[in-house]
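Trainee: Please read through the structure below; I'll follow up with questions.
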Amino acid sequence: MNYRHAYHAGNVADVVKHLVLVLTILHLKSKDAPFFMLDTHAGIGSYDLTADEASRTGEWRNGIGKVLAAAEPPPGLSAYLAVAGAEPGRYPGSPALARALMRPSDRLALVELHPQDCASLRRLFAGDSRVGVHFGDGYAALKSLLPPPERRGLVLIDPPFEAADEWDRLLAGLRRGVERWRNGTFLVWYPLKAGGADERFRAELAMSDLPPTLGVELITRPRSGPGLAGGALAVVNPPWVLEDQLRRLLPWLVQAMAPETGDWRLEWLVAERPVTRN
Ligand SMILES: C[S@@+](CC[C@H](N)C(=O)[O-])C[C@H]1O[C@@H](n2cnc3c(N)ncnc32)[C@H](O)[C@@H]1O
């Protein structure tokens with residue numbers, strides 16, 4: 001396990017992932033009933049952008065750095081930007097973003113397989129009874145921690161894509177999770193790169209029997225080049241307002257982060273099935 005998110009925190013992929021996460025949590029909070037969130041690949045929770053790792057790549061400068069510096073962000077970004085920009089020189093990971101938005105009765109389960117990163121998470125969340133930190137495999141947690149007693153909430157699956165079989169494990173894990181919690185919202189992050197792996201993944205999702213699934217893509221550079229061309233999410237059971245919200249926000253984000261080479265896409269990967277009657 002070589003991947004450390006500290007090198008990538010706040011990059012363009014984090015921006016789109018964390019915006020969708022925040023919009024989903026805000027939607028859950030529109031009802032009083034408590035929600036549960038499972039973060040299967042949690043990282044260390046919060047990142048120092050002045051530290052050696054983040055400084056070495058400087059990835060955050062092309063992501064959250066540009067977004068925070070842009071003039072007149074649309075109101076739909078305000079909750080995300082309030083947390084992301086709260087502390088100069090720091091960027092919240094998915095656990096810190098979730099904690100900033102949770103209410104006293106909401107619950108968060110964090111799973112992390114890297115022993116040091118898990119220890120960092122435990123320190124960050126020590127004393128917060130709403131948050132459980134679990135050392136182990138996030139894919140196994142899709143079985144052991146679902147469905148939650150709250151019966152409403154979300155799962156973020158955000159693997160590092162280091163291992164050759166990650167795409168297969170991701171699809172199998174998602175299927176298992178949805179089987180156990182058919183009404184949960186699942187946010188699945190995946191990279192856009194040359195090579196066609198993401199196209200194959202979307203084709204497999206389209207052939208699955210998943211509930212309605214919205215595909216979200218934010219592209220910052222041509223796919224023909226090396227490295228990350230952008231970040232994408234498959235959102236199973238998305239909040240009904242999400243598609244409209246993103247249709248307004250993604251063009252602004254592209255302009256802020258990659259006006260020359262950027263693009264965005266929203267499409268239903270799995271459409272709502274018509275009810276059939278005999
Ligand atoms: C992309 S980072 C997570 C970033 C975090 N979700 C965020 O948005 O701030 C992926 C994390 O997954 C961890 N990891 C790798 N394999 C794992 C597994 N099978 N189960 C749980 N965590 C894993 C890595 O150590 C790394 O910290």
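Simple scheme: letters A, B, ... for chains in structure tokens order, numbers from 1 for residues in each chain, numbers from 1 for ligands in the order shown.
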Around ligand 1, out to 8 Å and counting only C-alpha atoms and all ligand atoms, which residues are there? I want them as a ChimeraX atom specification.

Mentor: /A:1-5,9,14,17-18,39-46,92-96,111-114,117,135-140,156-160

Trainee: Write out as a VMD selection string each polymer residue whose atoms come within 12 Å of Trp240 of chain A, counting only C-alpha atoms; drop sequence neighbours fewer than 3 positions from it.

Mentor: chain A and resid 23 to 24 27 to 28 185 212 to 214 235 to 237 243 to 246 272

Trainee: May I have the selected residues written with N, CA and C atoms, as a tab-separated table (two decimals), in the first residue's frame?

Mentor:
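Below is the file result.tsv, written as the result:
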```tsv
chain	number	residue	atom	x	y	z
A	23	LEU	N	-23.29	18.01	-1.27
A	23	LEU	CA	-24.67	18.19	-1.75
A	23	LEU	C	-25.56	17.04	-1.29
A	24	THR	N	-24.99	15.84	-1.24
A	24	THR	CA	-25.78	14.68	-0.80
A	24	THR	C	-26.10	14.79	0.69
A	27	HIS	N	-28.79	17.33	1.30
A	27	HIS	CA	-30.11	16.81	0.96
A	27	HIS	C	-30.64	15.91	2.08
A	28	LEU	N	-29.76	15.07	2.64
A	28	LEU	CA	-30.19	14.21	3.75
A	28	LEU	C	-30.64	15.05	4.94
A	185	THR	N	-27.78	5.75	-0.66
A	185	THR	CA	-27.09	6.46	-1.76
A	185	THR	C	-25.63	6.04	-1.72
A	212	PRO	N	-31.36	3.41	-9.99
A	212	PRO	CA	-30.94	4.52	-10.85
A	212	PRO	C	-29.58	5.08	-10.42
A	213	THR	N	-28.71	5.28	-11.41
A	213	THR	CA	-27.33	5.69	-11.13
A	213	THR	C	-26.93	6.82	-12.06
A	214	LEU	N	-26.54	7.94	-11.45
A	214	LEU	CA	-26.13	9.12	-12.22
A	214	LEU	C	-24.62	9.12	-12.38
A	235	VAL	N	-23.21	7.73	-8.99
A	235	VAL	CA	-24.03	7.99	-7.80
A	235	VAL	C	-25.29	7.13	-7.88
A	236	VAL	N	-25.32	6.09	-7.07
A	236	VAL	CA	-26.48	5.19	-7.02
A	236	VAL	C	-27.52	5.81	-6.09
A	237	ASN	N	-28.77	5.85	-6.54
A	237	ASN	CA	-29.85	6.51	-5.78
A	237	ASN	C	-29.48	7.96	-5.43
A	243	GLU	N	-28.91	16.15	-10.02
A	243	GLU	CA	-28.61	16.34	-11.45
A	243	GLU	C	-28.73	17.83	-11.81
A	244	ASP	N	-29.81	18.46	-11.39
A	244	ASP	CA	-30.01	19.89	-11.69
A	244	ASP	C	-28.93	20.76	-11.05
A	245	GLN	N	-28.61	20.44	-9.80
A	245	GLN	CA	-27.58	21.22	-9.11
A	245	GLN	C	-26.25	21.15	-9.87
A	246	LEU	N	-25.87	19.93	-10.26
A	246	LEU	CA	-24.58	19.75	-10.93
A	246	LEU	C	-24.59	20.36	-12.33
A	272	GLU	N	-33.99	4.92	-14.41
A	272	GLU	CA	-35.15	4.42	-13.66
A	272	GLU	C	-35.89	3.41	-14.53
```

Trainee: Point out the residue among A:Ala258, A:Leu19, A:Leu249, A:Asp263 with the least atom-to-atom distance to Pro73 of chain A, counting only C-alpha atoms.

Mentor: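 For Pro73 of chain A, the nearest of the given residues is A:Leu249.
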
Trainee: Just the residues within 9 Å of segment 30-33 of chain A, please, counting only C-alpha atoms, with nothing from its chain fewer than 2 positions along; format it as a PyMOL selection string.

Mentor: chain A and resi 25-28+35+105-106+150+152

Trainee: Expressed in Å to a single decimal, how great is the separation between atom CA of Arg180 of chain A and atom CA of Val216 of chain A?

Mentor: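 That distance, rounded to one decimal, is 24.1 Å.
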
Trainee: DSSP on the backbone: what in segment 68-161 of chain A comes out helix (DSSP H, G or I), as a ChimeraX atom specification?

Mentor: /A:68-69,75-84,94-101,115-125,138-144

Trainee: Name the closest residue to Ala100 of chain A among the candidates A:Val22, A:Leu192, A:Pro149, A:Gln116; distances are taken between atoms, counting only C-alpha atoms.

Mentor: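 Once distances to Ala100 of chain A are computed over only C-alpha atoms, the minimum belongs to A:Val22.
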
Trainee: Have a look at A:Arg221, A:Lys66, A:Arg123, A:Arg107 and name the one nearest to Leu253 of chain A; count only C-alpha atoms.

Mentor: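 Result for the nearest residue to Leu253 of chain A: A:Lys66.
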
Trainee: Could you tell me how far atom CA of Glu217 of chain A lies from atom CA of Phe186 of chain A, in Å and to one decimal?

Mentor: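 The value is 15.9 Å.
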
Trainee: Would you work out the distance separating atom CA of Ala70 of chain A from atom CA of Gly85 of chain A, expressed in Å to one decimal?

Mentor: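 Going from atom CA of Ala70 of chain A over to atom CA of Gly85 of chain A covers 12.5 Å.
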
Trainee: Write out as number ranges by chain each polymer residue whose atoms come within 12 Å of Glu72 of chain A, counting only C-alpha atoms; drop sequence neighbours fewer than 6 positions from it.

Mentor: A: 78, 81, 252-253, 256

Trainee: If you run DSSP on the backbone here, which positions in segment 54-236 of chain A get strand (DSSP E)? Please write them as a VMD selection string.

Mentor: chain A and resid 90 to 92 107 to 112 131 to 135 153 to 157 185 to 192 213 to 219 230 to 236
